[in-house]
file start21.cif (mmCIF, C-alpha atoms)
data_work
loop_
_atom_site.group_PDB
_atom_site.id
_atom_site.type_symbol
_atom_site.label_atom_id
_atom_site.label_comp_id
_atom_site.auth_asym_id
_atom_site.auth_seq_id
_atom_site.Cartn_x
_atom_site.Cartn_y
_atom_site.Cartn_z
ATOM 1 C CA MET A 1 117.058 118.879 91.685
ATOM 2 C CA SER A 2 115.042 117.062 89.039
ATOM 3 C CA HIS A 3 113.427 114.522 91.424
ATOM 4 C CA SER A 4 111.992 114.539 94.930
ATOM 5 C CA PHE A 5 113.491 112.281 97.557
ATOM 6 C CA ILE A 6 111.749 111.763 100.878
ATOM 7 C CA SER A 7 112.010 109.556 103.918
ATOM 8 C CA GLN A 8 108.753 109.500 105.830
ATOM 9 C CA LEU A 9 108.599 106.680 108.383
ATOM 10 C CA LEU A 10 105.510 106.344 110.568
ATOM 11 C CA HIS A 11 104.768 104.058 113.488
ATOM 12 C CA CYS A 12 100.998 103.598 113.283
ATOM 13 C CA VAL A 13 98.852 102.156 116.055
ATOM 14 C CA PHE A 14 95.152 101.377 115.947
ATOM 15 C CA SER A 15 92.793 99.147 117.864
ATOM 16 C CA THR A 16 89.742 97.068 117.290
ATOM 17 C CA LYS A 17 86.402 98.711 118.018
ATOM 18 C CA GLU A 18 86.030 99.125 121.784
ATOM 19 C CA ARG A 19 89.342 97.266 122.037
ATOM 20 C CA ARG A 20 87.511 93.972 121.772
ATOM 21 C CA PRO A 21 89.873 90.955 121.486
ATOM 22 C CA MET A 22 88.925 90.239 117.870
ATOM 23 C CA ILE A 23 92.375 89.503 116.458
ATOM 24 C CA THR A 24 92.413 85.751 116.975
ATOM 25 C CA PRO A 25 95.641 83.718 116.565
ATOM 26 C CA GLU A 26 94.911 82.624 112.971
ATOM 27 C CA LEU A 27 94.389 86.204 111.808
ATOM 28 C CA PRO A 28 97.742 88.084 112.112
ATOM 29 C CA PRO A 29 99.880 86.237 109.536
ATOM 30 C CA ARG A 30 97.291 86.571 106.793
ATOM 31 C CA LEU A 31 96.114 90.002 107.936
ATOM 32 C CA PHE A 32 99.607 91.483 107.835
ATOM 33 C CA GLN A 33 100.260 89.860 104.469
ATOM 34 C CA TYR A 34 97.060 91.441 103.149
ATOM 35 C CA ILE A 35 97.937 94.847 104.629
ATOM 36 C CA GLY A 36 101.389 94.638 103.023
ATOM 37 C CA GLY A 37 99.914 93.917 99.590
ATOM 38 C CA ASN A 38 97.293 96.625 99.937
ATOM 39 C CA ALA A 39 99.979 99.082 101.043
ATOM 40 C CA ARG A 40 102.202 98.194 98.042
ATOM 41 C CA GLU A 41 99.306 98.817 95.658
ATOM 42 C CA ASN A 42 99.167 102.346 97.070
ATOM 43 C CA LYS A 43 102.948 102.968 96.994
ATOM 44 C CA ILE A 44 103.210 102.533 100.789
ATOM 45 C CA LYS A 45 105.856 100.171 102.157
ATOM 46 C CA LEU A 46 104.949 98.011 105.141
ATOM 47 C CA LEU A 47 108.240 97.576 107.001
ATOM 48 C CA ALA A 48 106.953 95.831 110.141
ATOM 49 C CA ALA A 49 103.635 94.654 111.548
ATOM 50 C CA GLY A 50 102.678 93.196 114.886
ATOM 51 C CA GLY A 51 100.103 93.323 117.566
ATOM 52 C CA VAL A 52 97.948 91.482 120.038
ATOM 53 C CA ASP A 53 94.279 90.559 120.212
ATOM 54 C CA ASP A 54 92.959 94.143 120.446
ATOM 55 C CA HIS A 55 95.354 96.344 118.450
ATOM 56 C CA VAL A 56 98.106 96.447 115.852
ATOM 57 C CA HIS A 57 101.302 98.355 115.237
ATOM 58 C CA LEU A 58 102.611 99.053 111.742
ATOM 59 C CA LEU A 59 105.823 100.678 110.594
ATOM 60 C CA ILE A 60 105.234 102.171 107.172
ATOM 61 C CA SER A 61 107.225 104.229 104.723
ATOM 62 C CA MET A 62 104.974 106.806 103.098
ATOM 63 C CA PRO A 63 105.274 108.195 99.568
ATOM 64 C CA SER A 64 105.040 111.935 98.993
ATOM 65 C CA THR A 65 101.818 111.440 97.028
ATOM 66 C CA ILE A 66 99.549 110.350 99.878
ATOM 67 C CA ASN A 67 98.717 111.766 103.297
ATOM 68 C CA ILE A 68 98.467 109.737 106.494
ATOM 69 C CA SER A 69 94.686 110.081 106.717
ATOM 70 C CA LYS A 70 94.259 108.517 103.285
ATOM 71 C CA ALA A 71 96.825 105.812 104.068
ATOM 72 C CA MET A 72 94.975 104.815 107.237
ATOM 73 C CA GLN A 73 91.655 104.827 105.388
ATOM 74 C CA LEU A 74 93.082 102.477 102.750
ATOM 75 C CA ILE A 75 94.771 100.168 105.262
ATOM 76 C CA LYS A 76 92.023 99.996 107.869
ATOM 77 C CA GLY A 77 89.071 100.020 105.468
ATOM 78 C CA GLY A 78 90.625 97.526 103.096
ATOM 79 C CA SER A 79 91.682 95.123 105.832
ATOM 80 C CA SER A 80 88.310 95.263 107.598
ATOM 81 C CA LYS A 81 86.503 94.443 104.358
ATOM 82 C CA TRP A 82 88.983 91.630 103.644
ATOM 83 C CA ILE A 83 88.500 90.139 107.134
ATOM 84 C CA HIS A 84 84.716 90.092 106.656
ATOM 85 C CA GLU A 85 85.037 88.384 103.261
ATOM 86 C CA THR A 86 87.748 85.900 104.280
ATOM 87 C CA PHE A 87 86.789 84.920 107.824
ATOM 88 C CA PRO A 88 83.029 84.303 108.173
ATOM 89 C CA GLY A 89 83.345 84.053 111.953
ATOM 90 C CA HIS A 90 84.641 87.640 112.058
ATOM 91 C CA ARG A 91 81.628 89.411 110.538
ATOM 92 C CA LEU A 92 81.447 91.693 113.595
ATOM 93 C CA PHE A 93 85.082 92.761 113.249
ATOM 94 C CA GLU A 94 85.682 96.526 113.149
ATOM 95 C CA TRP A 95 88.631 98.841 113.675
ATOM 96 C CA GLN A 96 88.239 101.764 116.056
ATOM 97 C CA GLU A 97 87.704 105.024 114.182
ATOM 98 C CA GLY A 98 90.920 106.766 115.196
ATOM 99 C CA TYR A 99 94.598 105.888 115.095
ATOM 100 C CA GLY A 100 97.972 107.086 116.227
ATOM 101 C CA ALA A 101 100.687 107.892 113.694
ATOM 102 C CA PHE A 102 104.085 108.792 115.087
ATOM 103 C CA SER A 103 107.024 109.865 112.951
ATOM 104 C CA ILE A 104 110.351 108.197 113.558
ATOM 105 C CA GLY A 105 113.819 108.870 112.234
ATOM 106 C CA ILE A 106 115.825 106.332 110.279
ATOM 107 C CA SER A 107 118.097 105.881 113.305
ATOM 108 C CA ASP A 108 115.084 104.587 115.292
ATOM 109 C CA MET A 109 113.982 102.098 112.651
ATOM 110 C CA ASP A 110 115.632 98.963 114.100
ATOM 111 C CA ARG A 111 114.404 99.757 117.614
ATOM 112 C CA THR A 112 110.859 100.375 116.329
ATOM 113 C CA VAL A 113 110.836 97.116 114.345
ATOM 114 C CA LYS A 114 111.954 95.228 117.468
ATOM 115 C CA TYR A 115 109.245 96.962 119.529
ATOM 116 C CA ILE A 116 106.583 95.990 116.972
ATOM 117 C CA ASN A 117 107.833 92.397 116.742
ATOM 118 C CA ASP A 118 107.821 92.038 120.555
ATOM 119 C CA GLN A 119 104.196 93.094 121.091
ATOM 120 C CA ALA A 120 103.035 89.882 122.789
ATOM 121 C CA GLU A 121 105.849 90.062 125.333
ATOM 122 C CA HIS A 122 105.410 93.804 125.788
ATOM 123 C CA HIS A 123 101.695 93.520 126.540
ATOM 124 C CA GLY A 124 102.329 90.967 129.231
ATOM 125 C CA LYS A 125 103.583 93.976 131.215
ATOM 126 C CA MET A 126 101.484 96.911 129.979
ATOM 127 C CA ASP A 127 97.967 97.379 128.623
ATOM 128 C CA PHE A 128 97.081 99.208 125.417
ATOM 129 C CA LYS A 129 95.733 102.338 127.124
ATOM 130 C CA THR A 130 98.927 102.874 129.113
ATOM 131 C CA GLU A 131 101.060 102.207 126.045
ATOM 132 C CA PHE A 132 99.123 104.673 123.892
ATOM 133 C CA LEU A 133 99.257 107.444 126.506
ATOM 134 C CA ILE A 134 103.034 106.971 126.710
ATOM 135 C CA PHE A 135 103.264 107.420 122.913
ATOM 136 C CA LEU A 136 101.218 110.622 123.070
ATOM 137 C CA LYS A 137 103.343 112.054 125.893
ATOM 138 C CA LYS A 138 106.630 111.036 124.252
ATOM 139 C CA HIS A 139 105.638 112.819 121.045
ATOM 140 C CA GLY A 140 104.347 115.933 122.812
ATOM 141 C CA ILE A 141 100.785 115.468 121.597
ATOM 142 C CA GLU A 142 98.159 117.260 123.669
ATOM 143 C CA TYR A 143 95.059 115.254 124.531
ATOM 144 C CA ASP A 144 92.085 115.048 126.821
ATOM 145 C CA GLU A 145 92.025 111.556 128.293
ATOM 146 C CA ARG A 146 88.202 111.655 128.510
ATOM 147 C CA TYR A 147 87.989 111.476 124.709
ATOM 148 C CA ILE A 148 90.831 109.164 123.681
ATOM 149 C CA PHE A 149 89.276 105.783 124.338
ATOM 150 C CA ASP A 150 85.601 106.328 123.516
#
call {"tool": "encode", "arguments": {"input": "start21.cif", "output": "structure tokens"}}
result
Amino acid sequence: MSHSFISQLLHCVFSTKERRPMITPELPPRLFQYIGGNARENKIKLLAAGGVDDHVHLLISMPSTINISKAMQLIKGGSSKWIHETFPGHRLFEWQEGYGAFSIGISDMDRTVKYINDQAEHHGKMDFKTEFLIFLKKHGIEYDERYIFD
């Protein structure tokens, strides 16, 4: 084959530092627009974005030329800097250091987009910690709960 063809879909989840409720109502529309543009500049496709006041969910399609660590650095670092420059009242805004990145198949794309779009409703029933532990268990990721939410 003369070209490489890949499908690499990732459901990424990350929170604000100490899960502080820093994502105020005016932030998400512009934040997700910024993240989408930043992603495009780096050949990443933002397929869905959603969240609540203390964390976000992104569905991204990754190119073969970048690894997830670099993608998260670009998305989180770029968006944090943009928030500081654009919203003076958010100078203390920070993302938590870590993140979750969970691969999904193309057959799960519609369900994942719906899940991301329904975050406000979803978190009326379940907190972030419970949600994240469910993701880790579902994907068979070993963890020590003492060190997940530092």
call {"tool": "resolve_selection", "arguments": {"input": "start21.cif", "expression": "the PyMOL selection byres ((chain A and resi 114-125) around 9)", "output": "JSON, numbers by chain"}}
result
{"A": [11, 48, 49, 50, 51, 52, 56, 57, 58, 59, 109, 110, 111, 112, 113, 126, 127, 128, 131]}
call {"tool": "closest_atom_pairs", "arguments": {"input": "start21.cif", "of": "segment 35-128 of chain A", "to": "segment 14-21 of chain A", "cutoff": "10 Å", "atoms": "all atoms listed in the file", "output": "Markdown table"}}
result
| residue | atom | partner | partner_atom | distance |
| --- | --- | --- | --- | --- |
| A:Gly51 | CA | A:Ser15 | CA | 9.4 |
| A:Val52 | CA | A:Pro21 | CA | 8.2 |
| A:Asp53 | CA | A:Pro21 | CA | 4.6 |
| A:Asp54 | CA | A:Pro21 | CA | 4.6 |
| A:His55 | CA | A:Ser15 | CA | 3.8 |
| A:Val56 | CA | A:Phe14 | CA | 5.7 |
| A:His57 | CA | A:Phe14 | CA | 6.9 |
| A:Leu58 | CA | A:Phe14 | CA | 8.9 |
| A:Met72 | CA | A:Phe14 | CA | 9.4 |
| A:Lys76 | CA | A:Phe14 | CA | 8.8 |
| A:Ser80 | CA | A:Thr16 | CA | 10.0 |
| A:Leu92 | CA | A:Lys17 | CA | 9.7 |
| A:Phe93 | CA | A:Thr16 | CA | 7.5 |
| A:Glu94 | CA | A:Lys17 | CA | 5.4 |
| A:Trp95 | CA | A:Thr16 | CA | 4.2 |
| A:Gln96 | CA | A:Lys17 | CA | 4.1 |
| A:Glu97 | CA | A:Lys17 | CA | 7.5 |
| A:Gly98 | CA | A:Phe14 | CA | 6.9 |
| A:Tyr99 | CA | A:Phe14 | CA | 4.6 |
| A:Gly100 | CA | A:Phe14 | CA | 6.4 |
| A:Ala101 | CA | A:Phe14 | CA | 8.8 |
| A:Phe128 | CA | A:Arg19 | CA | 8.7 |
call {"tool": "atom_distance", "arguments": {"input": "start21.cif", "atom1": "atom CA of Ile104 of chain A", "atom2": "atom CA of Phe135 of chain A"}}
result
11.8 Å
call {"tool": "resolve_selection", "arguments": {"input": "start21.cif", "expression": "the PyMOL selection byres ((chain A and resi 78) around 12)", "output": "list in words"}}
result
Leu31, Phe32, Tyr34, Ile35, Gly36, Gly37, Asn38, Ala39, Glu41, Asn42, Lys70, Ala71, Met72, Gln73, Leu74, Ile75, Lys76, Gly77, Ser79, Ser80, Lys81, Trp82, Ile83, His84, Glu85, Glu94 and Trp95 of chain A
call {"tool": "residues_near_point", "arguments": {"input": "start21.cif", "point": "(99.3, 109.0, 124.9)", "cutoff": "12 Å", "atoms": "only C-alpha atoms", "output": "list in words"}}
result
Val13, Tyr99, Gly100, Ala101, Phe102, Phe128, Lys129, Thr130, Glu131, Phe132, Leu133, Ile134, Phe135, Leu136, Lys137, Lys138, His139, Gly140, Ile141, Glu142, Tyr143, Asp144, Glu145, Arg146, Tyr147, Ile148 and Phe149 of chain A
call {"tool": "write_last_selection", "arguments": {"input": "start21.cif", "atoms": "C-alpha atoms", "output": "mmCIF file, in the frame of the given file"}}
result
data_model
loop_
_atom_site.group_PDB
_atom_site.id
_atom_site.type_symbol
_atom_site.label_atom_id
_atom_site.label_comp_id
_atom_site.auth_asym_id
_atom_site.auth_seq_id
_atom_site.Cartn_x
_atom_site.Cartn_y
_atom_site.Cartn_z
ATOM 1 C CA VAL A 13 98.852 102.156 116.055
ATOM 2 C CA TYR A 99 94.598 105.888 115.095
ATOM 3 C CA GLY A 100 97.972 107.086 116.227
ATOM 4 C CA ALA A 101 100.687 107.892 113.694
ATOM 5 C CA PHE A 102 104.085 108.792 115.087
ATOM 6 C CA PHE A 128 97.081 99.208 125.417
ATOM 7 C CA LYS A 129 95.733 102.338 127.124
ATOM 8 C CA THR A 130 98.927 102.874 129.113
ATOM 9 C CA GLU A 131 101.060 102.207 126.045
ATOM 10 C CA PHE A 132 99.123 104.673 123.892
ATOM 11 C CA LEU A 133 99.257 107.444 126.506
ATOM 12 C CA ILE A 134 103.034 106.971 126.710
ATOM 13 C CA PHE A 135 103.264 107.420 122.913
ATOM 14 C CA LEU A 136 101.218 110.622 123.070
ATOM 15 C CA LYS A 137 103.343 112.054 125.893
ATOM 16 C CA LYS A 138 106.630 111.036 124.252
ATOM 17 C CA HIS A 139 105.638 112.819 121.045
ATOM 18 C CA GLY A 140 104.347 115.933 122.812
ATOM 19 C CA ILE A 141 100.785 115.468 121.597
ATOM 20 C CA GLU A 142 98.159 117.260 123.669
ATOM 21 C CA TYR A 143 95.059 115.254 124.531
ATOM 22 C CA ASP A 144 92.085 115.048 126.821
ATOM 23 C CA GLU A 145 92.025 111.556 128.293
ATOM 24 C CA ARG A 146 88.202 111.655 128.510
ATOM 25 C CA TYR A 147 87.989 111.476 124.709
ATOM 26 C CA ILE A 148 90.831 109.164 123.681
ATOM 27 C CA PHE A 149 89.276 105.783 124.338
#
call {"tool": "atom_distance", "arguments": {"input": "start21.cif", "atom1": "atom CA of Thr86 of chain A", "atom2": "atom CA of Ser69 of chain A"}}
result
25.3 Å
